[in-house]
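J.: Sharing a structure with you now.
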Amino acid sequence: MMKTHHNVTPRQEALAERHLCAALAALRTPRECRAFLRDLCTPAELQAMADRWTVVDCLKRGLPYRGIQRLTGVSVTTIGRVARFLAAGHGGYDTAARRLAQTRSAPARRGAGASTESTAGVGKRARRRMEAARHE
C-alpha cells in the first residue's frame, strides 16, 4: 500500500515522481546510480529492488517460479507480481533489459569480447545456480 500524504495533492505527487525519475536519468554510471540509490533507499528497499531485477532475468530465461524461489529466496508472490508487470506492466522491465543487453552487446560487436548474457547485476554464485536450475 502506498503511503498517503495528507497535505500533498496528486499533482504534487506526480511532479515529485517526475523529479525523481529525472534525477535517476541524470546519473551517468552504475557507480553514480549505486551511490544515489544507497543514499535514497533503506537497505531493505534496495534489496527488494535488486531481488525483483534478478527475478526479471530468471523469468526471461524461462525458469519456473519454484526454481526462481529456490535460487533467490524471493517469494512466489513477488515472483508472480514481477511476472505480471513484465507481461503487462508499464514496459520498464523490458526497456531496461533491452538497453542493458544492447549496451553489453555493443562492445562485443567491436571485438571487445563482452558477454551478451542478461545476467548483469547477478553475482557469480547466482549465475551458477541459475545455470544449474535450467539443467534440472
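Letters A, B, ... go to the chains of the C-alpha cells in the order shown; residues in each chain start at 1; ligands are counted from 1 in the same order.
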Counting only C-alpha atoms, what is within 12 Å of region 83-91 of chain A, bar same-chain residues fewer than 3 positions away, as a PDB file with C-alpha atoms, in the first residue's frame?
T.:
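Output (out-v6.pdb):
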ATOM      1  CA  ARG A  52      12.947  -8.043  -8.380  1.00  0.00           C
ATOM      2  CA  TRP A  53      15.533  -7.250 -11.037  1.00  0.00           C
ATOM      3  CA  THR A  54      17.135 -10.674 -10.522  1.00  0.00           C
ATOM      4  CA  VAL A  55      13.674 -12.252 -10.895  1.00  0.00           C
ATOM      5  CA  VAL A  56      13.221 -10.455 -14.239  1.00  0.00           C
ATOM      6  CA  ASP A  57      16.368 -12.128 -15.538  1.00  0.00           C
ATOM      7  CA  CYS A  58      15.252 -15.544 -14.279  1.00  0.00           C
ATOM      8  CA  LEU A  59      11.799 -15.168 -15.856  1.00  0.00           C
ATOM      9  CA  LYS A  60      13.308 -14.112 -19.172  1.00  0.00           C
ATOM     10  CA  GLY A  62      12.272 -19.329 -18.641  1.00  0.00           C
ATOM     11  CA  LEU A  63      12.910 -20.630 -15.145  1.00  0.00           C
ATOM     12  CA  PRO A  64       9.860 -21.884 -13.221  1.00  0.00           C
ATOM     13  CA  TYR A  65       8.607 -19.876 -10.233  1.00  0.00           C
ATOM     14  CA  ILE A  68      13.433 -18.953  -9.008  1.00  0.00           C
ATOM     15  CA  VAL A  76       6.437 -16.850  -5.183  1.00  0.00           C
ATOM     16  CA  THR A  77       4.010 -13.948  -4.629  1.00  0.00           C
ATOM     17  CA  THR A  78       6.706 -11.409  -5.541  1.00  0.00           C
ATOM     18  CA  ILE A  79       7.817 -13.533  -8.485  1.00  0.00           C
ATOM     19  CA  GLY A  80       4.218 -13.584  -9.730  1.00  0.00           C
ATOM     20  CA  ASP A  94      11.643  -4.786 -20.836  1.00  0.00           C
ATOM     21  CA  THR A  95      13.116  -1.396 -21.709  1.00  0.00           C
ATOM     22  CA  ALA A  96      15.834  -1.693 -19.062  1.00  0.00           C
ATOM     23  CA  ALA A  97      16.642  -5.314 -20.001  1.00  0.00           C
ATOM     24  CA  ARG A  98      16.774  -4.487 -23.722  1.00  0.00           C
TER      25      ARG A  98
END
J.: Just the residues within 9 Å of Thr72 (chain A), please, counting only C-alpha atoms, with nothing from its chain fewer than 2 positions along; format it as an MDAnalysis selection string.
T.: chainID A and resid 51 54:55 67:70 74:75 126
J.: Please dump the current selection as a PDB file, in the first residue's frame; keep N, CA and C atoms.
T.:
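Okay, again17.pdb is ready:
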ATOM      1  N   ASP A  51      16.294  -7.770  -5.783  1.00  0.00           N
ATOM      2  CA  ASP A  51      15.653  -9.078  -5.904  1.00  0.00           C
ATOM      3  C   ASP A  51      14.714  -9.110  -7.106  1.00  0.00           C
ATOM      4  N   THR A  54      16.614  -9.322 -10.332  1.00  0.00           N
ATOM      5  CA  THR A  54      17.135 -10.674 -10.522  1.00  0.00           C
ATOM      6  C   THR A  54      16.027 -11.603 -11.013  1.00  0.00           C
ATOM      7  N   VAL A  55      14.820 -11.442 -10.472  1.00  0.00           N
ATOM      8  CA  VAL A  55      13.674 -12.252 -10.895  1.00  0.00           C
ATOM      9  C   VAL A  55      13.359 -12.004 -12.369  1.00  0.00           C
ATOM     10  N   GLY A  67      11.644 -22.735  -9.005  1.00  0.00           N
ATOM     11  CA  GLY A  67      13.098 -22.726  -9.220  1.00  0.00           C
ATOM     12  C   GLY A  67      13.688 -21.368  -8.903  1.00  0.00           C
ATOM     13  N   ILE A  68      12.979 -20.315  -9.301  1.00  0.00           N
ATOM     14  CA  ILE A  68      13.433 -18.953  -9.008  1.00  0.00           C
ATOM     15  C   ILE A  68      13.425 -18.728  -7.498  1.00  0.00           C
ATOM     16  N   GLN A  69      12.369 -19.193  -6.844  1.00  0.00           N
ATOM     17  CA  GLN A  69      12.280 -19.043  -5.387  1.00  0.00           C
ATOM     18  C   GLN A  69      13.444 -19.753  -4.712  1.00  0.00           C
ATOM     19  N   ARG A  70      13.736 -20.957  -5.170  1.00  0.00           N
ATOM     20  CA  ARG A  70      14.820 -21.741  -4.578  1.00  0.00           C
ATOM     21  C   ARG A  70      16.171 -21.041  -4.787  1.00  0.00           C
ATOM     22  N   VAL A  74      13.326 -15.262  -3.107  1.00  0.00           N
ATOM     23  CA  VAL A  74      12.210 -14.336  -3.321  1.00  0.00           C
ATOM     24  C   VAL A  74      10.911 -15.134  -3.272  1.00  0.00           C
ATOM     25  N   SER A  75       9.884 -14.570  -2.643  1.00  0.00           N
ATOM     26  CA  SER A  75       8.617 -15.287  -2.512  1.00  0.00           C
ATOM     27  C   SER A  75       7.947 -15.495  -3.863  1.00  0.00           C
ATOM     28  N   ALA A 126      24.953 -16.729  -8.035  1.00  0.00           N
ATOM     29  CA  ALA A 126      23.563 -16.778  -8.516  1.00  0.00           C
ATOM     30  C   ALA A 126      23.527 -17.222  -9.975  1.00  0.00           C
TER      31      ALA A 126
END
J.: Between CA of Glu45 (chain A) and CA of Leu71 (chain A), measure the distance and give it in Å to one decimal.
T.: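 Computing it gives 19.8 Å between the two atoms.
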